[in-house]
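Structure below is model-v8.cif: mmCIF, C-alpha atoms and all ligand atoms.
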data_start
#
loop_
_atom_site.label_atom_id
_atom_site.label_comp_id
_atom_site.auth_asym_id
_atom_site.auth_seq_id
_atom_site.Cartn_x
_atom_site.Cartn_y
_atom_site.Cartn_z
CA MET A 1 22.67 59.41 4.00
CA ASP A 2 22.60 57.32 7.17
CA ILE A 3 19.57 57.93 9.34
CA VAL A 4 20.06 57.92 13.11
CA LEU A 5 17.53 57.62 15.93
CA THR A 6 18.29 57.58 19.65
CA GLY A 7 16.42 58.53 22.74
CA ASP A 8 16.21 58.65 26.49
CA ARG A 9 13.48 58.13 29.03
CA PRO A 10 12.59 61.29 30.94
CA THR A 11 12.70 59.50 34.30
CA GLY A 12 15.40 61.80 35.65
CA LYS A 13 18.24 64.03 34.63
CA LEU A 14 20.89 62.48 32.42
CA HIS A 15 24.04 61.07 34.00
CA LEU A 16 27.61 60.11 33.16
CA GLY A 17 26.46 56.75 31.77
CA HIS A 18 24.35 58.51 29.17
CA TYR A 19 27.18 60.90 28.46
CA VAL A 20 29.83 58.30 27.64
CA GLY A 21 27.39 55.63 26.42
CA SER A 22 25.50 57.66 23.89
CA LEU A 23 25.44 61.48 24.15
CA LYS A 24 29.08 62.07 23.23
CA ARG A 25 28.73 59.88 20.15
CA ARG A 26 25.58 61.71 19.09
CA VAL A 27 27.36 65.05 19.23
CA GLU A 28 30.30 63.69 17.21
CA MET A 29 27.94 62.27 14.60
CA GLN A 30 26.00 65.51 14.46
CA ASN A 31 29.18 67.56 13.97
CA SER A 32 30.45 65.31 11.19
CA GLY A 33 27.49 66.49 9.11
CA LYS A 34 27.16 62.99 7.62
CA TYR A 35 23.98 61.87 9.34
CA ASN A 36 20.31 62.68 9.37
CA MET A 37 19.71 62.64 13.11
CA HIS A 38 16.69 62.30 15.38
CA VAL A 39 16.67 62.33 19.17
CA MET A 40 13.53 61.26 20.99
CA ILE A 41 12.46 62.02 24.54
CA ALA A 42 10.70 58.74 25.30
CA ASP A 43 8.00 59.96 27.68
CA ALA A 44 5.48 57.29 26.64
CA GLN A 45 8.04 54.60 27.34
CA ALA A 46 8.82 56.20 30.71
CA LEU A 47 5.12 55.96 31.57
CA THR A 48 5.17 52.18 31.11
CA ASP A 49 6.72 51.90 34.56
CA ASN A 50 5.59 55.26 35.94
CA ALA A 51 1.85 55.22 35.22
CA ASP A 52 1.11 56.76 38.61
CA ASN A 53 3.85 59.34 38.33
CA VAL A 54 3.02 61.37 35.24
CA GLU A 55 4.23 64.54 36.94
CA LYS A 56 7.75 63.13 37.29
CA VAL A 57 7.91 62.15 33.62
CA LYS A 58 6.49 65.48 32.53
CA ASN A 59 8.94 67.51 34.63
CA ASN A 60 11.88 65.56 33.32
CA ILE A 61 11.14 66.31 29.67
CA SER A 62 12.71 69.75 29.92
CA GLU A 63 15.51 68.40 32.14
CA VAL A 64 16.51 65.88 29.48
CA ALA A 65 16.20 68.51 26.73
CA LEU A 66 18.49 70.82 28.76
CA ASP A 67 21.01 68.00 29.14
CA TYR A 68 20.98 67.46 25.36
CA LEU A 69 21.54 71.09 24.50
CA ALA A 70 24.15 71.54 27.24
CA CYS A 71 26.16 68.63 25.82
CA GLY A 72 26.15 70.19 22.39
CA ILE A 73 23.18 68.66 20.58
CA ASP A 74 22.16 71.39 18.17
CA PRO A 75 18.45 71.66 17.28
CA GLN A 76 19.43 73.28 13.97
CA LYS A 77 21.11 70.02 12.98
CA VAL A 78 19.10 67.39 14.88
CA THR A 79 15.37 66.80 15.18
CA ILE A 80 14.56 66.60 18.90
CA PHE A 81 11.00 65.45 19.64
CA ILE A 82 8.61 64.11 22.28
CA GLN A 83 7.43 60.54 21.71
CA SER A 84 3.88 60.80 23.07
CA GLN A 85 3.00 63.54 20.57
CA LEU A 86 3.34 61.17 17.59
CA PRO A 87 0.24 58.93 17.52
CA GLN A 88 1.71 57.24 14.43
CA LEU A 89 4.20 55.46 16.70
CA PHE A 90 1.36 53.80 18.60
CA GLU A 91 -0.35 52.66 15.42
CA LEU A 92 2.87 51.09 14.19
CA THR A 93 3.30 49.39 17.57
CA ALA A 94 -0.16 47.84 17.27
CA TYR A 95 0.63 46.27 13.89
CA TYR A 96 4.07 45.06 14.98
CA MET A 97 2.59 43.38 18.06
CA ASN A 98 1.04 40.81 15.77
CA LEU A 99 4.49 39.80 14.58
CA VAL A 100 5.99 39.07 18.01
CA THR A 101 5.17 36.17 20.32
CA VAL A 102 4.74 36.47 24.07
CA SER A 103 7.53 33.94 24.62
CA ARG A 104 9.89 36.00 22.47
CA LEU A 105 9.23 39.03 24.70
CA GLN A 106 9.77 36.91 27.81
CA ARG A 107 13.25 35.98 26.56
CA ASN A 108 14.49 39.59 26.40
CA PRO A 109 17.34 39.69 28.96
CA THR A 110 17.23 43.47 29.53
CA VAL A 111 13.49 43.48 30.17
CA LYS A 112 13.86 40.45 32.47
CA ASN A 113 16.51 42.28 34.44
CA GLU A 114 14.50 45.51 34.59
CA ILE A 115 11.39 43.64 35.77
CA GLN A 116 13.45 42.23 38.61
CA MET A 117 15.01 45.62 39.42
CA ARG A 118 11.61 47.26 39.60
CA GLY A 119 10.19 44.48 41.77
CA PHE A 120 7.17 43.89 39.48
CA LYS A 121 7.06 40.14 40.26
CA GLN A 122 3.76 38.93 38.72
CA SER A 123 2.32 42.44 38.26
CA ILE A 124 4.16 43.50 35.12
CA PRO A 125 2.35 46.31 33.28
CA THR A 126 1.58 45.11 29.75
CA GLY A 127 2.96 48.37 28.36
CA PHE A 128 6.27 47.74 30.09
CA PHE A 129 6.44 44.14 28.94
CA THR A 130 5.88 45.20 25.32
CA TYR A 131 8.09 48.28 25.25
CA PRO A 132 10.66 46.60 22.97
CA ILE A 133 7.92 46.55 20.31
CA SER A 134 7.18 50.22 20.81
CA GLN A 135 10.90 50.88 20.50
CA ALA A 136 10.86 49.06 17.15
CA ALA A 137 8.11 51.45 16.07
CA ASP A 138 10.22 54.46 17.12
CA ILE A 139 13.25 53.29 15.16
CA THR A 140 11.46 52.11 12.03
CA ALA A 141 9.17 55.16 11.82
CA PHE A 142 12.25 57.15 10.83
CA LYS A 143 13.78 54.29 8.78
CA ALA A 144 16.81 54.69 11.01
CA ASN A 145 19.67 52.39 10.08
CA LEU A 146 21.94 53.44 12.98
CA VAL A 147 21.08 53.57 16.67
CA PRO A 148 23.83 54.80 19.07
CA VAL A 149 23.18 53.11 22.43
CA GLY A 150 24.69 51.55 25.53
CA GLU A 151 25.04 47.79 25.77
CA ASP A 152 21.73 47.26 27.63
CA GLN A 153 19.90 48.23 24.45
CA LEU A 154 21.34 45.47 22.22
CA PRO A 155 18.40 43.09 22.83
CA MET A 156 16.01 45.91 21.79
CA ILE A 157 17.83 46.46 18.51
CA GLU A 158 17.83 42.71 17.86
CA GLN A 159 14.08 42.62 18.51
CA THR A 160 13.60 45.51 16.08
CA ARG A 161 15.62 43.72 13.40
CA GLU A 162 13.43 40.63 13.77
CA ILE A 163 10.26 42.70 13.48
CA VAL A 164 11.59 44.40 10.35
CA ARG A 165 12.47 41.08 8.71
CA SER A 166 9.13 39.60 9.63
CA PHE A 167 7.19 42.64 8.40
CA ASN A 168 9.11 42.87 5.13
CA GLN A 169 8.61 39.15 4.48
CA THR A 170 4.95 39.02 5.46
CA TYR A 171 3.92 42.19 3.59
CA LYS A 172 6.27 44.30 1.46
CA PRO A 173 9.88 45.37 2.06
CA VAL A 174 9.29 48.92 3.27
CA LEU A 175 11.09 48.83 6.65
CA VAL A 176 14.84 49.25 7.29
CA GLU A 177 16.87 46.95 9.56
CA PRO A 178 18.81 49.07 12.07
CA GLN A 179 22.25 48.51 13.56
CA ALA A 180 23.35 49.42 17.08
CA VAL A 181 26.34 51.76 17.35
CA LEU A 182 28.21 51.08 20.60
CA PRO A 183 30.85 53.40 22.06
CA GLU A 184 34.36 52.70 20.74
CA ASN A 185 35.72 52.47 24.28
CA SER A 186 34.09 49.30 25.66
CA VAL A 187 33.95 50.52 29.30
CA CYS A 188 31.60 53.25 28.08
CA SER A 189 28.93 50.88 26.82
CA ARG A 190 27.89 50.08 30.40
CA LEU A 191 29.29 52.52 32.93
CA PRO A 192 28.89 51.05 36.44
CA GLY A 193 27.20 52.94 39.28
CA LEU A 194 28.99 54.77 42.08
CA ASP A 195 28.09 51.78 44.26
CA GLY A 196 29.76 49.35 41.85
CA ALA A 197 26.36 48.07 40.57
CA ALA A 198 26.54 46.82 37.00
CA LYS A 199 24.99 49.97 35.55
CA MET A 200 24.72 53.61 36.48
CA SER A 201 20.98 54.07 36.23
CA LYS A 202 18.48 56.75 37.11
CA SER A 203 16.29 54.08 38.68
CA LEU A 204 19.07 52.84 40.98
CA GLY A 205 20.11 56.22 42.39
CA ASN A 206 23.82 55.59 41.87
CA CYS A 207 24.54 58.41 39.44
CA ILE A 208 26.60 61.50 38.89
CA PHE A 209 24.28 63.78 36.92
CA LEU A 210 25.45 66.22 34.26
CA ALA A 211 23.68 68.92 36.27
CA ASP A 212 25.36 68.10 39.60
CA SER A 213 27.09 70.96 41.41
CA ALA A 214 30.88 70.93 41.85
CA ASN A 215 30.37 70.05 45.50
CA ASP A 216 27.98 67.15 44.72
CA ILE A 217 30.44 65.69 42.24
CA LYS A 218 33.23 65.86 44.81
CA LYS A 219 31.13 64.22 47.52
CA LYS A 220 29.91 61.50 45.17
CA VAL A 221 33.43 60.68 43.99
CA GLN A 222 34.59 60.48 47.61
CA SER A 223 31.76 58.05 48.40
CA MET A 224 32.57 55.71 45.51
CA PHE A 225 33.28 52.02 46.00
CA THR A 226 36.85 50.93 45.27
CA ASP A 227 38.76 47.69 45.77
CA GLN A 228 37.45 46.14 49.02
CA THR A 229 40.73 44.27 49.57
CA HIS A 230 42.82 47.45 49.38
CA LEU A 231 42.66 48.32 53.07
CA ARG A 232 45.93 50.14 53.67
CA VAL A 233 47.79 52.38 51.22
CA GLU A 234 50.71 49.96 51.04
CA ASP A 235 48.49 46.94 50.20
CA PRO A 236 48.49 45.78 46.58
CA GLY A 237 45.20 46.76 44.90
CA HIS A 238 42.99 45.60 42.04
CA THR A 239 42.16 47.93 39.19
CA GLU A 240 39.72 45.59 37.43
CA ASN A 241 36.12 45.75 38.63
CA ASN A 242 37.14 48.83 40.58
CA PRO A 243 34.63 51.58 39.72
CA VAL A 244 37.14 54.40 40.26
CA PHE A 245 39.51 52.90 37.70
CA ILE A 246 36.66 52.05 35.34
CA TYR A 247 35.66 55.74 35.40
CA LEU A 248 39.28 56.67 34.72
CA ASP A 249 39.26 54.26 31.76
CA ALA A 250 36.19 56.10 30.48
CA PHE A 251 37.30 59.70 31.09
CA CYS A 252 41.06 59.98 31.55
CA ARG A 253 43.39 61.21 28.82
CA ASP A 254 47.19 61.55 29.03
CA GLU A 255 46.98 65.34 29.20
CA HIS A 256 45.03 65.02 32.47
CA PHE A 257 48.21 63.72 34.12
CA ALA A 258 50.21 66.72 32.97
CA ALA A 259 47.48 69.02 34.27
CA PHE A 260 46.50 67.38 37.57
CA LEU A 261 48.90 64.56 38.54
CA PRO A 262 52.33 64.89 36.92
CA THR A 263 53.74 61.98 39.02
CA TYR A 264 52.57 59.70 36.21
CA ASN A 265 52.66 59.99 32.43
CA ASN A 266 49.62 57.88 31.75
CA LEU A 267 46.91 55.70 33.27
CA GLU A 268 48.87 52.49 32.82
CA GLU A 269 51.69 53.82 35.06
CA MET A 270 49.18 54.83 37.70
CA LYS A 271 47.43 51.44 37.57
CA GLU A 272 50.76 49.63 37.97
CA HIS A 273 51.50 51.62 41.10
CA TYR A 274 48.07 50.82 42.55
CA ARG A 275 48.50 47.12 41.79
CA ARG A 276 51.91 46.85 43.44
CA GLY A 277 50.77 48.90 46.49
CA GLY A 278 51.62 52.34 47.82
CA LEU A 279 48.96 54.35 46.05
CA GLY A 280 45.98 55.35 48.20
CA ASP A 281 42.36 55.51 47.08
CA GLY A 282 42.22 59.14 48.21
CA THR A 283 44.80 60.19 45.60
CA VAL A 284 43.03 58.25 42.84
CA LYS A 285 39.67 59.77 43.75
CA LYS A 286 41.12 63.25 43.93
CA PHE A 287 42.47 62.82 40.40
CA LEU A 288 39.14 61.45 39.11
CA ASN A 289 37.36 64.38 40.72
CA GLU A 290 39.63 66.90 38.91
CA ILE A 291 38.92 65.21 35.57
CA LEU A 292 35.15 65.12 36.09
CA GLN A 293 35.03 68.72 37.33
CA ASN A 294 36.94 69.78 34.24
CA GLU A 295 34.62 67.85 31.89
CA LEU A 296 31.33 68.78 33.54
CA LYS A 297 31.86 72.46 34.37
CA PRO A 298 31.18 73.82 30.86
CA ILE A 299 28.15 71.52 30.51
CA ARG A 300 26.71 72.63 33.86
CA GLU A 301 27.25 76.31 33.07
CA LYS A 302 25.61 76.04 29.66
CA ARG A 303 22.76 74.13 31.26
CA GLU A 304 22.20 76.80 33.90
CA TYR A 305 22.16 79.48 31.22
CA LEU A 306 19.65 77.60 29.04
CA ALA A 307 17.40 76.78 32.01
CA ARG A 308 16.56 80.47 32.36
CA ASP A 309 14.32 80.26 29.29
CA LEU A 310 12.23 77.08 29.42
CA GLY A 311 9.79 78.65 26.94
CA GLU A 312 12.51 78.49 24.32
CA ILE A 313 13.22 74.85 25.20
CA PHE A 314 9.56 73.96 24.57
CA ASN A 315 9.64 75.93 21.29
CA ILE A 316 12.54 73.78 20.13
CA LEU A 317 10.69 70.62 21.18
CA ARG A 318 7.47 71.71 19.48
CA LYS A 319 9.23 72.43 16.19
CA GLY A 320 11.18 69.16 16.30
CA THR A 321 8.02 67.23 17.13
CA GLU A 322 6.23 68.68 14.10
CA VAL A 323 9.05 67.63 11.78
CA ALA A 324 9.18 64.15 13.33
CA ARG A 325 5.40 63.73 13.07
CA LEU A 326 5.51 64.28 9.31
CA LYS A 327 8.19 61.64 8.83
CA ALA A 328 6.41 59.11 11.03
CA SER A 329 3.12 59.59 9.22
CA GLN A 330 4.83 59.00 5.88
CA THR A 331 6.19 55.66 7.13
CA LEU A 332 2.82 54.73 8.64
CA GLN A 333 1.20 55.38 5.26
CA GLU A 334 3.72 53.07 3.57
CA VAL A 335 3.19 50.43 6.25
CA LYS A 336 -0.58 50.49 5.78
CA GLU A 337 -0.20 50.30 2.01
CA ALA A 338 2.20 47.37 2.36
CA MET A 339 -0.37 45.60 4.56
CA GLY A 340 -3.20 46.49 2.20
CA ILE A 341 -5.24 48.35 4.84
CA ASN A 342 -5.37 51.70 3.06
CA TYR A 343 -9.08 51.42 2.34
CA PHE A 344 -10.02 54.98 1.43
P1 LIG B 401 16.02 54.12 33.56
O1 LIG B 401 16.63 53.62 34.83
O2 LIG B 401 14.82 54.99 33.73
O3 LIG B 401 15.84 53.03 32.53
P2 LIG B 401 18.55 54.73 32.38
O4 LIG B 401 19.55 55.41 33.27
O5 LIG B 401 18.70 53.29 32.08
O6 LIG B 401 17.13 55.10 32.98
P3 LIG B 401 17.67 55.25 29.68
O7 LIG B 401 16.91 56.49 29.36
O8 LIG B 401 16.93 53.97 29.82
O9 LIG B 401 18.54 55.54 31.01
O10 LIG B 401 18.84 55.03 28.60
C1 LIG B 401 19.11 55.94 27.55
C2 LIG B 401 20.39 55.56 26.80
O11 LIG B 401 21.53 55.68 27.64
C3 LIG B 401 20.42 54.13 26.27
O12 LIG B 401 21.05 54.13 25.01
C4 LIG B 401 21.25 53.39 27.27
O13 LIG B 401 21.90 52.28 26.70
C5 LIG B 401 22.27 54.47 27.66
N1 LIG B 401 22.73 54.24 29.02
C6 LIG B 401 21.98 54.31 30.16
N2 LIG B 401 22.73 54.01 31.23
C7 LIG B 401 23.99 53.76 30.77
C8 LIG B 401 25.23 53.40 31.39
N3 LIG B 401 25.32 53.25 32.71
N4 LIG B 401 26.34 53.22 30.61
C9 LIG B 401 26.25 53.38 29.26
N5 LIG B 401 25.12 53.72 28.61
C10 LIG B 401 24.00 53.90 29.35
MG MG B 402 17.05 52.24 30.95
#
Would you kindly transcribe this structure into structure tokens?
Ligand code: ATP
Ligand code: MG
Amino acid sequence: MDIVLTGDRPTGKLHLGHYVGSLKRRVEMQNSGKYNMHVMIADAQALTDNADNVEKVKNNISEVALDYLACGIDPQKVTIFIQSQLPQLFELTAYYMNLVTVSRLQRNPTVKNEIQMRGFKQSIPTGFFTYPISQAADITAFKANLVPVGEDQLPMIEQTREIVRSFNQTYKPVLVEPQAVLPENSVCSRLPGLDGAAKMSKSLGNCIFLADSANDIKKKVQSMFTDQTHLRVEDPGHTENNPVFIYLDAFCRDEHFAAFLPTYNNLEEMKEHYRRGGLGDGTVKKFLNEILQNELKPIREKREYLARDLGEIFNILRKGTEVARLKASQTLQEVKEAMGINYF
């Protein structure tokens, strides 16, 4: 059976980027019954750039767990756990660090970009700089062979694969090389922000959250960037690099036209109209808003219901963490044996 590991940093509530980039796929995989699945709330990784903000990370653990359950992740079928409660992961990280050079870490394009985004300049926390190694520990501890992620995570998976190869060659072949699983619809692997920034990201504040109220969603859609050259309704417009159309590419299905905008049969017809001129941004945004309201309402309602019993959420996390800890300690044992450091 394929083994799957994914996770999210509890730095905020989850947003539409997580939903289309990874959460939806996790739920599909879970429901197929073909995978042994683990979902990690990466609080220790979140602390690598939030050392002085433990409270924020802590508070967001239950928020992220609520987002998972509201989207349909079922704790009966999936092991959901909290990273910091598995010391085995930190031991594995320490051994893997010896297999990775500083210059290799410096080449990681996602980390480079995140360092810039966070304005670290020369003061990069060592934990942040080395988080790709800790991520390799997370994945390999479960011998996961599949990791459903957004595009920004590809360099992390590549780093993990290198560590696995190096470990297996240097010691004994006990670790499994994972593969990234990207969304089938390519626009979903990196959903842009409301402001048109390359990525919707908790740290950039350009998100629609799964927990947002109907009114927030509407306001956020209205504030979205569109085509800057499309000044008057009759002007021809661009649909590429236009966040509103990118979101439609990610969320719109033909039946949405029948339900909310019967003027068109499908997205292609609507795009053609926008390109030749005569279709206003207001109409496009109104349509996107209907689609998002329709998709997010059941999630928000389930979330509100579950949020009434946070004790139960922590019960689920505690049980999942116990299961995960057993698996990780088994792998750690094998790793130490492979290295020959099982002295007693
Ligand atoms: P932070 O800004 O704290 O890093 P984030 O919004 O990038 O938060 P993460 O917890 O780092 O979220 O990412 C969790 C998962 O969601 C990863 O697999 C990542 O690839 C995916 N993901 C995050 N943002 C997007 C996005 N905009 N489009 C598609 N996938 C995304
Ligand atoms: Mg991130």
* Residues at most 7 Å from ligand LIG 401 (chain B), using all atoms listed in the file? Could they come as an MDAnalysis selection string? -> chainID A and resid 6:11 17:18 20:22 46 148:153 188:193 199:204
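Residues lying within 9 Å of region 250-265 of chain A, counting all atoms listed in the file and ignoring same-chain neighbours fewer than 5 positions away, are Val20, Asn185, Ser186, Val187, Cys188, Leu191, Phe245, Met270, Phe287, Leu288, Glu290, Ile291, Leu292 and Glu295 of chain A.
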* Asked: With only C-alpha atoms as the atoms that count, which of A:Leu5, A:Cys71, A:Ala214, A:Ile157 lies nearest to Tyr19 (chain A)?
  ->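 Among the listed residues, A:Cys71 lies closest to Tyr19 (chain A).
Reported to one decimal place, the separation of CA of Gln222 (chain A) from CA of Tyr274 (chain A) is 17.3 Å.
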* Write out as a VMD selection string each polymer residue whose atoms come within 9 Å of Val233 (chain A), counting all atoms listed in the file; drop sequence neighbours fewer than 3 positions from it. => chain A and resid 230 236 to 237 274 277 to 281
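If you measure from each of A:Ala137, A:Glu301, A:Lys24, A:Asp195 to Phe167 (chain A) using all atoms listed in the file, the closest one turns out to be A:Ala137.
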Complete the atom set of region 28-57 of chain A to N, CA and C atoms and return it as a tab-separated table (two decimals), keeping the file's coordinate frame.
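What ended up in part.tsv:
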chain	number	residue	atom	x	y	z
A	28	GLU	N	29.27	63.90	18.25
A	28	GLU	CA	30.30	63.69	17.21
A	28	GLU	C	29.64	63.44	15.86
A	29	MET	N	28.62	62.59	15.86
A	29	MET	CA	27.94	62.27	14.60
A	29	MET	C	27.29	63.52	14.02
A	30	GLN	N	26.65	64.27	14.89
A	30	GLN	CA	26.00	65.51	14.46
A	30	GLN	C	27.04	66.45	13.81
A	31	ASN	N	28.20	66.60	14.46
A	31	ASN	CA	29.18	67.56	13.97
A	31	ASN	C	29.88	67.11	12.70
A	32	SER	N	29.84	65.80	12.43
A	32	SER	CA	30.45	65.31	11.19
A	32	SER	C	29.62	65.73	9.97
A	33	GLY	N	28.36	66.07	10.21
A	33	GLY	CA	27.49	66.49	9.11
A	33	GLY	C	27.09	65.36	8.16
A	34	LYS	N	27.41	64.11	8.54
A	34	LYS	CA	27.16	62.99	7.62
A	34	LYS	C	25.86	62.26	7.90
A	35	TYR	N	25.14	62.66	8.92
A	35	TYR	CA	23.98	61.87	9.34
A	35	TYR	C	22.73	62.72	9.43
A	36	ASN	N	21.61	62.05	9.18
A	36	ASN	CA	20.31	62.68	9.37
A	36	ASN	C	19.81	62.20	10.74
A	37	MET	N	19.85	63.11	11.72
A	37	MET	CA	19.71	62.64	13.11
A	37	MET	C	18.41	63.03	13.80
A	38	HIS	N	17.90	62.07	14.59
A	38	HIS	CA	16.69	62.30	15.38
A	38	HIS	C	16.95	61.88	16.81
A	39	VAL	N	16.53	62.69	17.76
A	39	VAL	CA	16.67	62.33	19.17
A	39	VAL	C	15.30	62.44	19.83
A	40	MET	N	14.89	61.34	20.45
A	40	MET	CA	13.53	61.26	20.99
A	40	MET	C	13.54	61.26	22.52
A	41	ILE	N	12.68	62.08	23.10
A	41	ILE	CA	12.46	62.02	24.54
A	41	ILE	C	11.31	61.05	24.75
A	42	ALA	N	11.64	59.86	25.30
A	42	ALA	CA	10.70	58.74	25.30
A	42	ALA	C	9.79	58.81	26.52
A	43	ASP	N	8.88	59.79	26.52
A	43	ASP	CA	8.00	59.96	27.68
A	43	ASP	C	6.98	58.83	27.77
A	44	ALA	N	6.48	58.37	26.61
A	44	ALA	CA	5.48	57.29	26.64
A	44	ALA	C	6.13	56.01	27.18
A	45	GLN	N	7.36	55.77	26.80
A	45	GLN	CA	8.04	54.60	27.34
A	45	GLN	C	8.28	54.76	28.85
A	46	ALA	N	8.60	55.96	29.27
A	46	ALA	CA	8.82	56.20	30.71
A	46	ALA	C	7.54	55.93	31.49
A	47	LEU	N	6.39	56.19	30.87
A	47	LEU	CA	5.12	55.96	31.57
A	47	LEU	C	4.81	54.48	31.76
A	48	THR	N	5.47	53.61	30.98
A	48	THR	CA	5.17	52.18	31.11
A	48	THR	C	5.52	51.65	32.50
A	49	ASP	N	6.46	52.30	33.18
A	49	ASP	CA	6.72	51.90	34.56
A	49	ASP	C	6.56	53.07	35.53
A	50	ASN	N	5.85	54.10	35.06
A	50	ASN	CA	5.59	55.26	35.94
A	50	ASN	C	4.16	55.76	35.74
A	51	ALA	N	3.22	54.82	35.56
A	51	ALA	CA	1.85	55.22	35.22
A	51	ALA	C	1.27	56.16	36.28
A	52	ASP	N	1.68	55.96	37.52
A	52	ASP	CA	1.11	56.76	38.61
A	52	ASP	C	1.97	57.97	38.92
A	53	ASN	N	2.92	58.26	38.04
A	53	ASN	CA	3.85	59.34	38.33
A	53	ASN	C	4.08	60.20	37.09
A	54	VAL	N	2.95	60.60	36.48
A	54	VAL	CA	3.02	61.37	35.24
A	54	VAL	C	3.80	62.67	35.46
A	55	GLU	N	3.59	63.25	36.63
A	55	GLU	CA	4.23	64.54	36.94
A	55	GLU	C	5.76	64.42	36.82
A	56	LYS	N	6.30	63.33	37.34
A	56	LYS	CA	7.75	63.13	37.29
A	56	LYS	C	8.23	63.08	35.83
A	57	VAL	N	7.52	62.31	35.03
A	57	VAL	CA	7.91	62.15	33.62
A	57	VAL	C	7.81	63.50	32.91
